[in-house]
>>> print(open('my_file09.cif').read())   # mmCIF, C-alpha atoms
data_final
loop_
_atom_site.label_atom_id
_atom_site.label_comp_id
_atom_site.auth_asym_id
_atom_site.auth_seq_id
_atom_site.Cartn_x
_atom_site.Cartn_y
_atom_site.Cartn_z
CA MET H 1 -52.84 139.09 -50.59
CA PRO H 2 -52.50 135.93 -48.53
CA TRP H 3 -52.92 136.25 -44.79
CA THR H 4 -49.81 136.52 -42.59
CA ARG H 5 -49.38 134.20 -39.61
CA LEU H 6 -50.76 136.87 -37.32
CA GLN H 7 -53.76 137.41 -39.58
CA MET H 8 -54.43 133.64 -39.62
CA ALA H 9 -54.35 133.69 -35.82
CA GLU H 10 -56.68 136.70 -35.80
CA ARG H 11 -59.10 134.88 -38.12
CA ALA H 12 -59.02 131.84 -35.83
CA ALA H 13 -59.95 134.10 -32.90
CA ALA H 14 -63.28 134.72 -34.66
CA GLU H 15 -64.17 131.11 -33.73
CA LEU H 16 -63.95 131.91 -30.01
CA LYS H 17 -67.19 132.32 -28.07
CA ASP H 18 -68.08 133.68 -24.67
CA GLY H 19 -67.77 131.04 -21.96
CA TYR H 20 -65.60 128.69 -24.03
CA TYR H 21 -62.89 126.47 -22.57
CA VAL H 22 -60.12 126.43 -25.19
CA ASN H 23 -56.86 124.52 -25.75
CA LEU H 24 -54.30 126.20 -28.00
CA GLY H 25 -51.54 124.17 -29.63
CA ILE H 26 -47.89 125.17 -29.90
CA GLY H 27 -46.80 127.62 -32.66
CA ILE H 28 -49.25 129.86 -34.57
CA PRO H 29 -52.20 128.63 -32.45
CA THR H 30 -50.53 130.15 -29.36
CA LEU H 31 -50.77 133.57 -31.09
CA VAL H 32 -54.58 133.31 -31.07
CA ALA H 33 -54.48 134.31 -27.39
CA ASN H 34 -53.40 137.80 -28.51
CA PHE H 35 -56.65 138.29 -30.44
CA ILE H 36 -59.29 137.26 -27.91
CA PRO H 37 -62.04 139.92 -28.31
CA SER H 38 -62.48 142.03 -25.18
CA ASN H 39 -66.20 141.22 -24.95
CA ILE H 40 -65.48 137.49 -24.74
CA ASP H 41 -64.71 135.77 -21.45
CA LEU H 42 -63.00 132.44 -22.02
CA THR H 43 -60.69 130.08 -20.16
CA LEU H 44 -57.51 128.61 -21.65
CA GLN H 45 -56.64 125.03 -20.73
CA SER H 46 -53.07 123.76 -20.70
CA GLU H 47 -52.95 119.97 -20.91
CA ASN H 48 -50.10 119.65 -18.41
CA GLY H 49 -52.69 120.38 -15.73
CA MET H 50 -53.99 123.94 -15.64
CA LEU H 51 -57.24 125.71 -16.36
CA GLY H 52 -57.12 129.50 -16.56
CA MET H 53 -53.75 130.21 -18.16
CA GLY H 54 -52.44 133.76 -17.80
CA PRO H 55 -49.87 135.70 -19.86
CA PHE H 56 -46.09 135.23 -19.77
CA PRO H 57 -44.59 136.40 -16.45
CA TYR H 58 -42.52 139.50 -15.83
CA GLU H 59 -38.86 138.60 -15.21
CA ASP H 60 -39.32 138.73 -11.41
CA GLU H 61 -42.45 136.53 -11.51
CA VAL H 62 -40.89 133.51 -13.25
CA ASP H 63 -41.83 130.30 -11.40
CA PRO H 64 -40.33 126.94 -12.45
CA ASP H 65 -43.42 125.18 -11.06
CA LEU H 66 -45.67 127.08 -13.45
CA ILE H 67 -45.34 126.21 -17.15
CA ASN H 68 -47.61 125.56 -20.13
CA ALA H 69 -47.68 122.51 -22.39
CA GLY H 70 -44.94 124.09 -24.52
CA LYS H 71 -42.77 124.13 -21.36
CA GLN H 72 -42.81 127.96 -21.35
CA THR H 73 -43.07 129.84 -18.07
CA ILE H 74 -46.52 131.44 -17.64
CA THR H 75 -48.71 132.98 -14.94
CA GLU H 76 -51.96 132.12 -13.20
CA LEU H 77 -55.21 134.08 -13.01
CA LYS H 78 -57.73 134.47 -10.20
CA ARG H 79 -59.84 131.71 -11.75
CA THR H 80 -56.95 129.26 -12.18
CA SER H 81 -57.12 125.67 -11.03
CA TYR H 82 -54.47 122.93 -11.15
CA PHE H 83 -54.99 119.20 -11.53
CA SER H 84 -53.27 115.95 -12.52
CA SER H 85 -52.58 114.83 -16.08
CA ALA H 86 -55.35 112.22 -15.73
CA ASP H 87 -57.90 114.89 -14.79
CA SER H 88 -56.60 117.12 -17.56
CA PHE H 89 -57.19 114.50 -20.22
CA GLY H 90 -60.49 113.60 -18.60
CA MET H 91 -61.53 117.13 -19.53
CA ILE H 92 -60.18 116.68 -23.04
CA ARG H 93 -61.33 113.13 -23.80
CA GLY H 94 -64.60 113.64 -21.97
CA GLY H 95 -65.69 116.40 -24.34
CA HIS H 96 -65.59 119.21 -21.78
CA ILE H 97 -63.25 121.42 -23.85
CA ASP H 98 -65.12 123.45 -26.47
CA LEU H 99 -62.39 124.25 -28.95
CA SER H 100 -58.90 123.08 -29.89
CA ILE H 101 -56.75 125.08 -32.31
CA LEU H 102 -53.68 123.31 -33.67
CA GLY H 103 -51.22 123.19 -36.52
CA ALA H 104 -51.00 120.50 -39.23
CA MET H 105 -48.73 118.96 -41.83
CA GLU H 106 -51.64 117.55 -43.86
CA VAL H 107 -55.44 117.62 -43.75
CA ALA H 108 -57.64 115.40 -45.96
CA GLU H 109 -61.01 116.35 -47.42
CA ASN H 110 -62.72 113.93 -45.00
CA GLY H 111 -61.20 115.66 -41.95
CA ASP H 112 -58.25 113.29 -41.40
CA LEU H 113 -55.36 115.08 -39.74
CA ALA H 114 -51.60 114.36 -39.85
CA ASN H 115 -49.38 116.48 -37.64
CA TRP H 116 -47.12 114.27 -35.57
CA MET H 117 -44.66 112.22 -37.59
CA ILE H 118 -42.74 112.01 -40.85
CA PRO H 119 -41.53 108.45 -41.53
CA GLY H 120 -37.76 108.23 -41.79
CA LYS H 121 -37.25 111.32 -39.67
CA MET H 122 -36.79 111.37 -35.91
CA VAL H 123 -40.19 111.13 -34.27
CA LYS H 124 -40.64 113.34 -31.26
CA GLY H 125 -44.02 111.97 -30.27
CA MET H 126 -47.66 112.95 -30.44
CA GLY H 127 -47.84 114.50 -26.96
CA GLY H 128 -51.50 115.32 -26.33
CA ALA H 129 -52.50 115.89 -29.97
CA MET H 130 -54.28 112.55 -30.51
CA ASP H 131 -56.29 112.99 -27.31
CA LEU H 132 -57.23 116.57 -28.20
CA VAL H 133 -58.51 115.81 -31.70
CA ALA H 134 -60.39 112.74 -30.49
CA GLY H 135 -62.11 114.45 -27.57
CA VAL H 136 -62.52 118.20 -28.06
CA LYS H 137 -65.89 119.34 -29.42
CA LYS H 138 -64.53 121.47 -32.28
CA VAL H 139 -61.10 121.13 -33.91
CA VAL H 140 -59.67 124.07 -35.88
CA VAL H 141 -56.46 123.74 -37.88
CA ILE H 142 -54.22 126.70 -38.77
CA MET H 143 -51.63 125.89 -41.44
CA ASP H 144 -49.92 127.28 -44.51
CA HIS H 145 -51.88 126.31 -47.63
CA ASN H 146 -48.80 124.70 -49.16
CA ALA H 147 -45.62 123.16 -47.81
CA LYS H 148 -42.27 124.94 -48.18
CA ASP H 149 -41.66 122.97 -51.39
CA SER H 150 -45.11 124.23 -52.56
CA ARG H 151 -46.82 120.83 -52.34
CA PRO H 152 -50.49 121.02 -51.34
CA LYS H 153 -51.32 120.23 -47.72
CA LEU H 154 -55.09 119.91 -48.29
CA LEU H 155 -55.31 116.45 -49.83
CA HIS H 156 -57.68 113.69 -50.99
CA GLU H 157 -55.98 111.45 -48.45
CA CYS H 158 -53.18 112.13 -45.99
CA SER H 159 -49.88 110.51 -46.98
CA LEU H 160 -48.40 110.86 -43.48
CA PRO H 161 -49.42 108.77 -40.44
CA LEU H 162 -52.64 110.14 -38.95
CA THR H 163 -53.13 111.98 -35.68
CA GLY H 164 -56.86 111.42 -35.95
CA ALA H 165 -59.39 110.16 -38.52
CA GLY H 166 -62.19 112.50 -39.57
CA VAL H 167 -61.51 114.93 -36.73
CA VAL H 168 -60.99 118.39 -38.31
CA ASP H 169 -63.97 120.80 -38.45
CA LEU H 170 -62.36 123.98 -39.82
CA VAL H 171 -59.12 124.77 -41.68
CA ILE H 172 -57.64 128.27 -41.81
CA THR H 173 -54.80 128.68 -44.32
CA ASP H 174 -53.03 131.77 -45.58
CA LEU H 175 -55.37 131.68 -48.62
CA GLY H 176 -58.78 131.11 -47.05
CA VAL H 177 -61.07 129.22 -44.69
CA PHE H 178 -62.52 125.75 -45.27
CA VAL H 179 -65.30 123.93 -43.43
CA ILE H 180 -65.29 120.12 -43.21
CA ASN H 181 -68.54 118.32 -42.46
CA ASP H 182 -70.60 115.33 -43.67
CA ARG H 183 -70.83 116.91 -47.12
CA GLY H 184 -67.06 117.16 -47.41
CA LEU H 185 -64.73 120.12 -47.75
CA SER H 186 -66.01 123.56 -48.68
CA LEU H 187 -64.27 126.89 -49.14
CA VAL H 188 -66.18 129.51 -47.16
CA GLU H 189 -63.83 132.53 -47.08
CA LEU H 190 -61.02 133.96 -49.17
CA ALA H 191 -58.06 136.00 -47.98
CA PRO H 192 -58.05 139.49 -49.59
CA ASP H 193 -57.38 139.45 -53.35
CA VAL H 194 -56.96 135.67 -53.44
CA ARG H 195 -58.85 134.11 -56.37
CA ILE H 196 -60.67 130.79 -56.33
CA ASP H 197 -58.63 129.68 -59.37
CA GLU H 198 -55.44 130.20 -57.44
CA ILE H 199 -56.72 128.12 -54.54
CA LYS H 200 -57.81 125.35 -56.92
CA ASP H 201 -54.33 125.31 -58.48
CA ARG H 202 -52.72 125.02 -55.08
CA THR H 203 -55.07 122.39 -53.58
CA GLU H 204 -55.23 118.65 -54.20
CA ALA H 205 -58.44 118.02 -52.25
CA ASP H 206 -61.84 118.35 -53.90
CA PHE H 207 -63.89 121.15 -52.42
CA THR H 208 -67.08 123.04 -53.06
CA VAL H 209 -67.26 126.83 -52.93
CA ASP H 210 -69.72 128.35 -50.51
CA LEU H 211 -68.59 131.94 -50.07
CA ALA H 212 -72.12 133.23 -49.45
CA ARG H 213 -72.08 131.79 -45.95
CA MET G 1 -43.92 102.25 10.31
CA LYS G 2 -41.34 104.89 9.67
CA LYS G 3 -41.59 106.42 6.19
CA VAL G 4 -39.15 109.30 6.47
CA TYR G 5 -35.65 108.73 5.08
CA LYS G 6 -32.54 110.87 5.23
CA ASN G 7 -31.91 111.26 1.50
CA ALA G 8 -32.55 109.76 -1.94
CA GLY G 9 -29.90 107.04 -1.61
CA ALA G 10 -31.28 105.85 1.71
CA ALA G 11 -34.88 105.98 0.43
CA LEU G 12 -34.02 103.75 -2.55
CA ASP G 13 -32.07 101.19 -0.49
CA GLY G 14 -33.24 97.66 -1.37
CA LEU G 15 -35.73 98.81 -4.01
CA LEU G 16 -33.55 98.82 -7.13
CA PHE G 17 -32.71 95.91 -9.44
CA ASP G 18 -31.57 95.44 -13.04
CA GLY G 19 -34.37 95.16 -15.58
CA MET G 20 -36.96 96.85 -13.39
CA THR G 21 -39.75 99.18 -14.51
CA ILE G 22 -39.73 102.69 -13.04
CA MET G 23 -42.37 105.41 -13.35
CA ALA G 24 -40.92 108.92 -13.09
CA GLY G 25 -43.18 111.93 -12.50
CA GLY G 26 -42.91 115.34 -14.14
CA PHE G 27 -43.81 117.21 -17.32
CA GLY G 28 -40.75 118.43 -19.17
CA LEU G 29 -38.43 119.41 -16.32
CA CYS G 30 -41.34 120.63 -14.16
CA GLY G 31 -42.05 118.53 -11.09
CA ILE G 32 -39.42 115.85 -11.78
CA PRO G 33 -37.85 113.83 -8.96
CA GLU G 34 -34.36 115.32 -9.44
CA ASN G 35 -32.82 113.77 -6.36
CA LEU G 36 -34.08 110.24 -7.04
CA ILE G 37 -32.96 110.32 -10.69
CA THR G 38 -29.44 111.24 -9.59
CA ALA G 39 -29.47 108.52 -6.93
CA ILE G 40 -30.57 105.89 -9.49
CA ARG G 41 -27.73 107.02 -11.73
CA ASP G 42 -25.28 106.66 -8.85
CA ALA G 43 -26.68 103.23 -7.93
CA GLY G 44 -25.88 102.07 -11.47
CA VAL G 45 -28.84 99.73 -12.04
CA GLY G 46 -29.35 99.05 -15.73
CA ASN G 47 -31.71 97.64 -18.35
CA LEU G 48 -34.44 99.90 -17.02
CA THR G 49 -37.86 100.45 -18.54
CA VAL G 50 -38.84 104.01 -17.67
CA ILE G 51 -42.43 105.25 -17.93
CA SER G 52 -42.36 109.05 -18.09
CA ASN G 53 -44.14 111.62 -20.23
CA ASN G 54 -40.80 113.05 -21.41
CA ALA G 55 -37.14 112.02 -21.29
CA GLY G 56 -35.53 115.11 -19.77
CA VAL G 57 -32.81 117.08 -21.55
CA ASP G 58 -29.25 116.03 -22.33
CA ASP G 59 -27.70 116.90 -18.98
CA PHE G 60 -30.69 117.03 -16.62
CA GLY G 61 -33.62 114.89 -15.55
CA LEU G 62 -33.86 111.47 -17.21
CA GLY G 63 -31.17 112.59 -19.66
CA LEU G 64 -28.73 111.68 -16.86
CA LEU G 65 -29.80 108.01 -17.09
CA LEU G 66 -29.50 108.07 -20.88
CA GLU G 67 -25.96 109.43 -20.55
CA THR G 68 -25.00 106.36 -18.52
CA HIS G 69 -26.94 103.95 -20.82
CA GLN G 70 -29.05 102.68 -17.91
CA ILE G 71 -32.34 102.89 -19.82
CA LYS G 72 -33.36 100.07 -22.18
CA LYS G 73 -36.85 101.31 -23.00
CA MET G 74 -38.89 104.49 -22.62
CA VAL G 75 -42.69 104.69 -22.50
CA SER G 76 -43.50 108.33 -23.25
CA SER G 77 -45.67 110.75 -25.22
CA TYR G 78 -43.05 113.31 -26.30
CA VAL G 79 -39.26 113.13 -26.32
CA GLY G 80 -38.36 116.06 -28.56
CA GLU G 81 -35.94 117.90 -26.29
CA ASN G 82 -33.18 115.35 -26.07
CA LYS G 83 -30.35 114.75 -28.59
CA LEU G 84 -28.88 111.84 -26.64
CA PHE G 85 -32.26 110.16 -26.83
CA GLU G 86 -32.32 110.60 -30.60
CA GLN G 87 -28.82 109.10 -31.00
CA GLN G 88 -29.57 106.06 -28.85
CA PHE G 89 -32.94 105.51 -30.50
CA LEU G 90 -31.62 105.76 -34.07
CA SER G 91 -28.71 103.40 -33.25
CA GLY G 92 -31.23 100.82 -32.00
CA GLU G 93 -29.88 100.83 -28.45
CA LEU G 94 -33.01 102.37 -26.95
CA GLU G 95 -36.56 101.05 -27.36
CA LEU G 96 -39.40 103.51 -27.44
CA GLU G 97 -43.14 103.10 -26.97
CA PHE G 98 -45.16 106.20 -27.77
CA ASN G 99 -48.50 106.71 -26.06
CA PRO G 100 -50.89 109.60 -26.60
CA GLN G 101 -50.41 111.74 -23.48
CA GLY G 102 -53.95 111.29 -22.20
CA THR G 103 -53.83 107.55 -22.86
CA LEU G 104 -50.55 107.35 -20.94
CA ALA G 105 -52.07 109.25 -18.02
CA GLU G 106 -55.19 107.09 -17.99
CA ARG G 107 -53.18 103.85 -18.28
CA ILE G 108 -51.29 104.89 -15.15
CA ARG G 109 -54.44 106.01 -13.33
CA ALA G 110 -56.14 102.72 -14.26
CA GLY G 111 -53.14 100.63 -13.23
CA GLY G 112 -53.06 102.27 -9.83
CA ALA G 113 -56.80 101.79 -9.40
CA GLY G 114 -56.74 98.07 -10.20
CA ILE G 115 -58.26 98.42 -13.66
CA PRO G 116 -56.43 96.17 -16.17
CA GLY G 117 -57.80 97.84 -19.30
CA PHE G 118 -60.19 100.44 -20.67
CA TYR G 119 -61.61 101.58 -23.99
CA THR G 120 -60.82 104.98 -25.50
CA LYS G 121 -61.49 106.71 -28.82
CA THR G 122 -58.04 108.36 -28.72
CA GLY G 123 -55.88 107.00 -31.53
CA VAL G 124 -58.60 105.19 -33.48
CA GLY G 125 -57.56 105.08 -37.16
CA THR G 126 -53.88 105.75 -36.32
CA VAL G 127 -50.80 103.57 -35.82
CA ILE G 128 -51.59 103.60 -32.10
CA ALA G 129 -54.65 101.42 -32.77
CA GLU G 130 -52.77 98.74 -34.72
CA GLY G 131 -53.08 95.30 -33.14
CA LYS G 132 -55.40 96.49 -30.35
CA PRO G 133 -58.94 95.14 -29.90
CA HIS G 134 -61.59 97.52 -31.31
CA LYS G 135 -65.13 97.80 -29.98
CA GLN G 136 -68.16 99.92 -30.81
CA PHE G 137 -69.83 101.85 -28.00
CA ASP G 138 -72.85 104.03 -28.80
CA GLY G 139 -71.96 104.01 -32.49
CA GLU G 140 -68.35 105.09 -32.00
CA THR G 141 -65.22 102.96 -32.36
CA HIS G 142 -62.91 102.62 -29.38
CA ILE G 143 -59.65 100.74 -28.75
CA LEU G 144 -58.57 98.74 -25.74
CA GLU G 145 -55.68 100.16 -23.73
CA ARG G 146 -54.03 98.40 -20.78
CA GLY G 147 -53.50 99.70 -17.28
CA LEU G 148 -49.87 100.29 -16.29
CA THR G 149 -48.05 99.57 -13.05
CA ALA G 150 -44.37 99.72 -12.14
CA ASP G 151 -41.92 98.12 -9.73
CA LEU G 152 -41.14 101.60 -8.45
CA SER G 153 -42.62 105.08 -8.81
CA ILE G 154 -40.36 108.07 -8.16
CA ILE G 155 -42.31 111.28 -7.67
CA LYS G 156 -41.86 114.88 -6.57
CA ALA G 157 -44.24 116.85 -4.34
CA TRP G 158 -44.11 120.25 -2.66
CA LYS G 159 -44.89 119.31 0.93
CA GLY G 160 -45.30 115.97 2.61
CA ASP G 161 -45.94 114.84 6.16
CA THR G 162 -44.41 111.97 8.09
CA ALA G 163 -47.39 109.75 7.15
CA GLY G 164 -46.63 110.26 3.44
CA ASN G 165 -49.54 112.60 2.70
CA LEU G 166 -48.56 114.89 -0.17
CA ILE G 167 -49.41 118.30 -1.62
CA TYR G 168 -48.18 119.42 -5.02
CA ARG G 169 -47.59 122.96 -6.23
CA LYS G 170 -49.06 124.46 -9.46
CA THR G 171 -48.24 122.61 -12.70
CA ALA G 172 -45.55 120.57 -10.94
CA ARG G 173 -48.42 118.19 -10.07
CA ASN G 174 -48.90 116.70 -13.59
CA PHE G 175 -48.16 112.91 -13.61
CA ASN G 176 -46.95 112.72 -9.99
CA PRO G 177 -50.21 111.89 -8.15
CA ILE G 178 -51.26 109.15 -10.58
CA MET G 179 -47.80 107.58 -10.63
CA ALA G 180 -47.85 107.55 -6.83
CA THR G 181 -50.79 105.14 -7.05
CA ALA G 182 -49.27 102.82 -9.67
CA GLY G 183 -45.92 101.87 -8.17
CA ARG G 184 -45.53 98.66 -6.16
CA ALA G 185 -43.29 100.94 -4.12
CA THR G 186 -43.53 104.72 -4.30
CA VAL G 187 -40.79 107.06 -3.13
CA ALA G 188 -41.55 110.77 -2.86
CA GLU G 189 -39.07 113.63 -2.67
CA VAL G 190 -40.44 116.88 -1.24
CA GLU G 191 -39.30 120.42 -0.56
CA GLU G 192 -40.52 120.33 3.01
CA ILE G 193 -41.47 117.56 5.46
CA VAL G 194 -43.91 118.50 8.19
CA GLU G 195 -45.38 116.65 11.17
CA VAL G 196 -48.73 114.90 10.76
CA GLY G 197 -51.53 117.36 11.36
CA ALA G 198 -49.68 120.32 9.83
CA LEU G 199 -51.22 119.78 6.39
CA GLU G 200 -54.91 120.65 6.06
CA ALA G 201 -56.55 117.22 5.63
CA ASP G 202 -59.06 118.58 3.13
CA PHE G 203 -56.29 119.78 0.83
CA ILE G 204 -54.12 116.66 0.62
CA HIS G 205 -53.68 115.57 -3.00
CA THR G 206 -52.06 112.16 -2.48
CA PRO G 207 -53.13 110.19 0.61
CA GLY G 208 -50.22 108.59 2.46
CA ILE G 209 -51.32 105.03 1.65
CA PHE G 210 -49.74 105.47 -1.79
CA VAL G 211 -46.36 106.60 -0.46
CA GLN G 212 -43.98 104.11 1.19
CA ARG G 213 -40.92 106.34 1.59
CA ILE G 214 -40.39 110.09 1.71
CA PHE G 215 -37.42 112.42 2.09
CA LYS G 216 -36.55 116.08 1.81
CA GLY G 217 -34.63 116.83 -1.39
CA GLU G 218 -32.60 119.69 -2.72
CA PHE G 219 -33.85 121.19 -5.94
CA GLU G 220 -32.35 122.99 -8.89
CA LYS G 221 -35.76 123.31 -10.67
CA ARG G 222 -34.26 124.04 -14.06
CA ILE G 223 -36.48 125.95 -16.52
CA GLU G 224 -36.70 124.66 -20.09
CA GLN G 225 -38.22 127.72 -21.79
CA ARG G 226 -37.84 130.91 -19.78
CA THR G 227 -40.45 133.09 -21.48
CA THR G 228 -41.18 136.55 -20.09
CA ARG G 229 -42.82 139.84 -21.05
CA GLU G 230 -41.61 143.40 -20.61
CA ARG G 231 -43.17 145.81 -18.13
CA GLU G 232 -44.82 148.67 -20.01
#
>>> encode(input="my_file09.cif", output="structure tokens")
Amino acid sequence: MPWTRLQMAERAAAELKDGYYVNLGIGIPTLVANFIPSNIDLTLQSENGMLGMGPFPYEDEVDPDLINAGKQTITELKRTSYFSSADSFGMIRGGHIDLSILGAMEVAENGDLANWMIPGKMVKGMGGAMDLVAGVKKVVVIMDHNAKDSRPKLLHECSLPLTGAGVVDLVITDLGVFVINDRGLSLVELAPDVRIDEIKDRTEADFTVDLAR
Amino acid sequence: MKKVYKNAGAALDGLLFDGMTIMAGGFGLCGIPENLITAIRDAGVGNLTVISNNAGVDDFGLGLLLETHQIKKMVSSYVGENKLFEQQFLSGELELEFNPQGTLAERIRAGGAGIPGFYTKTGVGTVIAEGKPHKQFDGETHILERGLTADLSIIKAWKGDTAGNLIYRKTARNFNPIMATAGRATVAEVEEIVEVGALEADFIHTPGIFVQRIFKGEFEKRIEQRTTRERE
């Protein structure tokens, strides 16, 4: 059975380590915060200028001066600090953030990522995505294995304009987990009862199988 | 020199002209100079180039200046929350220059610090890199980005003193302190003006040298995504 969105988020949480500074993208990546293991102490960064992001506020705690990068109201923690957008992206570009988890439209077998525009459609902008993938130490993508029209999203080459070239380290789909490194793309985990044949049928990219990892 | 003005209209007097470039602070609707945006709308100046991370929503923030067709060009990183923007962009009326958010922030920081350009690896291999000089540093490719300045920066802070020293509150800081440094004139609207000496000097975020005019505004502080949790 393929993983649900929550299960993909839970699997992504296995990449979290004690002491990490982590930036979570909008959508499924945000759900990863619900699965942080209790024995791990980590700090969430929000690129609009906050380190140490807390949970959503209770109704009577809502503060318009306190939002995350998705423009949602949030809360602070004892460890929280605030800073300018330039300092925030200094952290990101300067390689001080350990892990970024984000969504994708397409990922290529060499780690190219496309997640910000579809030509011919209204472009909303890349926000901080290009900075994050260029600067964060490890980039993890969570995405459905295939698009709604069933086209593969793991490709030889991205057809959409890139967010970053050769930037993705790990891809978690509803069917399994893939590592991307100098040797290319390799399948390292399968979702329960998903067969390798099925993944091959539903993937354009070339990949090796390394389930023993 | 007196920096304190009565309201937004008075603080902008003599600073506005058609075709000018304006930096506007804020992230989404958080920490935006609400009073100054309204005053620019009322002043009616047009053909504006506006440098701002976002473009407001249809009836608030910079959306007000789109409604009146005062903006010719936006320099932004994300404009997804605005239907009016989409209409004007698709009809060709509005020009748009997308910058990666961190590149936008650093261009503003650099501009304010007298740095005309810098190299970054953000955007290498993407459309952002097209036409820009590339250079290898320590085996990695980087692209040249230019510093940004503006005729006017409009910013929002929490507290300010009569010398123009500013303190921001929580994530309403965002682009405001860097934009304060990059405007040939910077006007700040604040929730409270205090006498010099009332702000702890060690905790001032923007030194008064960057702020030419300041006034006390009135704030709606609209929330874009009110997200809460239930008490158990």
>>> atom_distance(input="my_file09.cif", atom1="CA of Leu185 (chain H)", atom2="CA of Ser100 (chain H)")
19.0 Å
>>> resolve_selection(input="my_file09.cif", expression="the PyMOL selection byres ((chain G and resi 50) around 10)", output="VMD selection string")
chain G and resid 20 to 24 47 to 49 51 to 55 62 65 70 to 76 96 150 152 to 153
>>> atom_distance(input="my_file09.cif", atom1="CA of Glu81 (chain G)", atom2="CA of Met117 (chain H)")
15.4 Å
>>> resolve_selection(input="my_file09.cif", expression="the PyMOL selection byres ((chain G) within 6 of (chain H))", output="list in words")
Cys30, Ser77, Tyr78, Val79, Gly80, Pro100, Gln101, Gly102, Ala105, Glu106, Thr122, Gly123, Gly125, Thr126, Lys170, Thr171, Ala172, Arg173, Asn174, Phe175, Ile223, Gln225, Arg226, Thr227, Thr228 and Arg229 of chain G
>>> atom_distance(input="my_file09.cif", atom1="CA of Thr103 (chain G)", atom2="CA of Ile101 (chain H)")
20.1 Å
>>> axis_aligned_box(input="my_file09.cif", around="region 147-158 of chain G", padding_each_side="6 Å", output="lines of an AutoDock Vina configuration file")
center_x = -46.9
center_y = 109.2
center_z = -10.0
size_x = 25.1
size_y = 34.1
size_z = 26.6
>>> residues_near_point(input="my_file09.cif", point="(-49.7, 109.9, -2.6)", cutoff="12 Å", atoms="all atoms listed in the file", output="MDAnalysis selection string")
chainID G and resid 112 153:161 163:168 173 175:183 185:190 204:214
>>> resolve_selection(input="my_file09.cif", expression="the PyMOL selection byres ((chain H and resi 109) around 10)", output="list in words")
Val107, Ala108, Asn110, Gly111, Asp112, Leu113, Leu154, Leu155, His156, Glu157, Cys158, Gly166, Val168, Phe178, Val179, Ile180, Asn181, Arg183, Gly184, Leu185, Ser186, Glu204, Ala205, Asp206 and Phe207 of chain H
>>> residues_around(input="my_file09.cif", residues="Lys135 (chain G)", least_positions_apart="2", cutoff="12 Å", atoms="only C-alpha atoms", output="list in words")
Phe118, Tyr119, Thr120, Lys121, Val124, Ala129, Lys132, Pro133, Phe137, Asp138, Gly139, Glu140, Thr141, His142, Ile143, Leu144 and Glu145 of chain G
>>> write_last_selection(input="my_file09.cif", atoms="C-alpha atoms", output="short mmCIF file (atom, residue, chain, number, x, y, z; two decimals), keeping the file's coordinate frame")
data_model
loop_
_atom_site.label_atom_id
_atom_site.label_comp_id
_atom_site.auth_asym_id
_atom_site.auth_seq_id
_atom_site.Cartn_x
_atom_site.Cartn_y
_atom_site.Cartn_z
CA PHE G 118 -60.19 100.44 -20.67
CA TYR G 119 -61.61 101.58 -23.99
CA THR G 120 -60.82 104.98 -25.50
CA LYS G 121 -61.49 106.71 -28.82
CA VAL G 124 -58.60 105.19 -33.48
CA ALA G 129 -54.65 101.42 -32.77
CA LYS G 132 -55.40 96.49 -30.35
CA PRO G 133 -58.94 95.14 -29.90
CA PHE G 137 -69.83 101.85 -28.00
CA ASP G 138 -72.85 104.03 -28.80
CA GLY G 139 -71.96 104.01 -32.49
CA GLU G 140 -68.35 105.09 -32.00
CA THR G 141 -65.22 102.96 -32.36
CA HIS G 142 -62.91 102.62 -29.38
CA ILE G 143 -59.65 100.74 -28.75
CA LEU G 144 -58.57 98.74 -25.74
CA GLU G 145 -55.68 100.16 -23.73
#
>>> residues_near_point(input="my_file09.cif", point="(-50.5, 121.7, -48.7)", cutoff="12 Å", atoms="all atoms listed in the file", output="PyMOL selection string")
chain H and resi 104-109+114+142-159+171-175+199-205
>>> residues_around(input="my_file09.cif", residues="Lys83 (chain G)", least_positions_apart="2", cutoff="8 Å", atoms="only C-alpha atoms", output="number ranges by chain")
G: 57-58, 81, 85-87
>>> residues_around(input="my_file09.cif", residues="Ala9 (chain H)", least_positions_apart="6", cutoff="9 Å", atoms="all atoms listed in the file", output="JSON, numbers by chain")
{"H": [28, 29, 30, 31, 32, 33, 34, 35, 142, 172]}
>>> residues_around(input="my_file09.cif", residues="Ala14 (chain H)", least_positions_apart="2", cutoff="10 Å", atoms="only C-alpha atoms", output="ChimeraX atom specification")
/H:9-12,16-17,32,35-37
>>> write_last_selection(input="my_file09.cif", atoms="C-alpha atoms", output="PDB file, in the coordinates of the input")
ATOM      1  CA  ALA H   9     -54.350 133.690 -35.820  1.00  0.00           C
ATOM      2  CA  GLU H  10     -56.680 136.700 -35.800  1.00  0.00           C
ATOM      3  CA  ARG H  11     -59.100 134.880 -38.120  1.00  0.00           C
ATOM      4  CA  ALA H  12     -59.020 131.840 -35.830  1.00  0.00           C
ATOM      5  CA  LEU H  16     -63.950 131.910 -30.010  1.00  0.00           C
ATOM      6  CA  LYS H  17     -67.190 132.320 -28.070  1.00  0.00           C
ATOM      7  CA  VAL H  32     -54.580 133.310 -31.070  1.00  0.00           C
ATOM      8  CA  PHE H  35     -56.650 138.290 -30.440  1.00  0.00           C
ATOM      9  CA  ILE H  36     -59.290 137.260 -27.910  1.00  0.00           C
ATOM     10  CA  PRO H  37     -62.040 139.920 -28.310  1.00  0.00           C
TER      11      PRO H  37
END
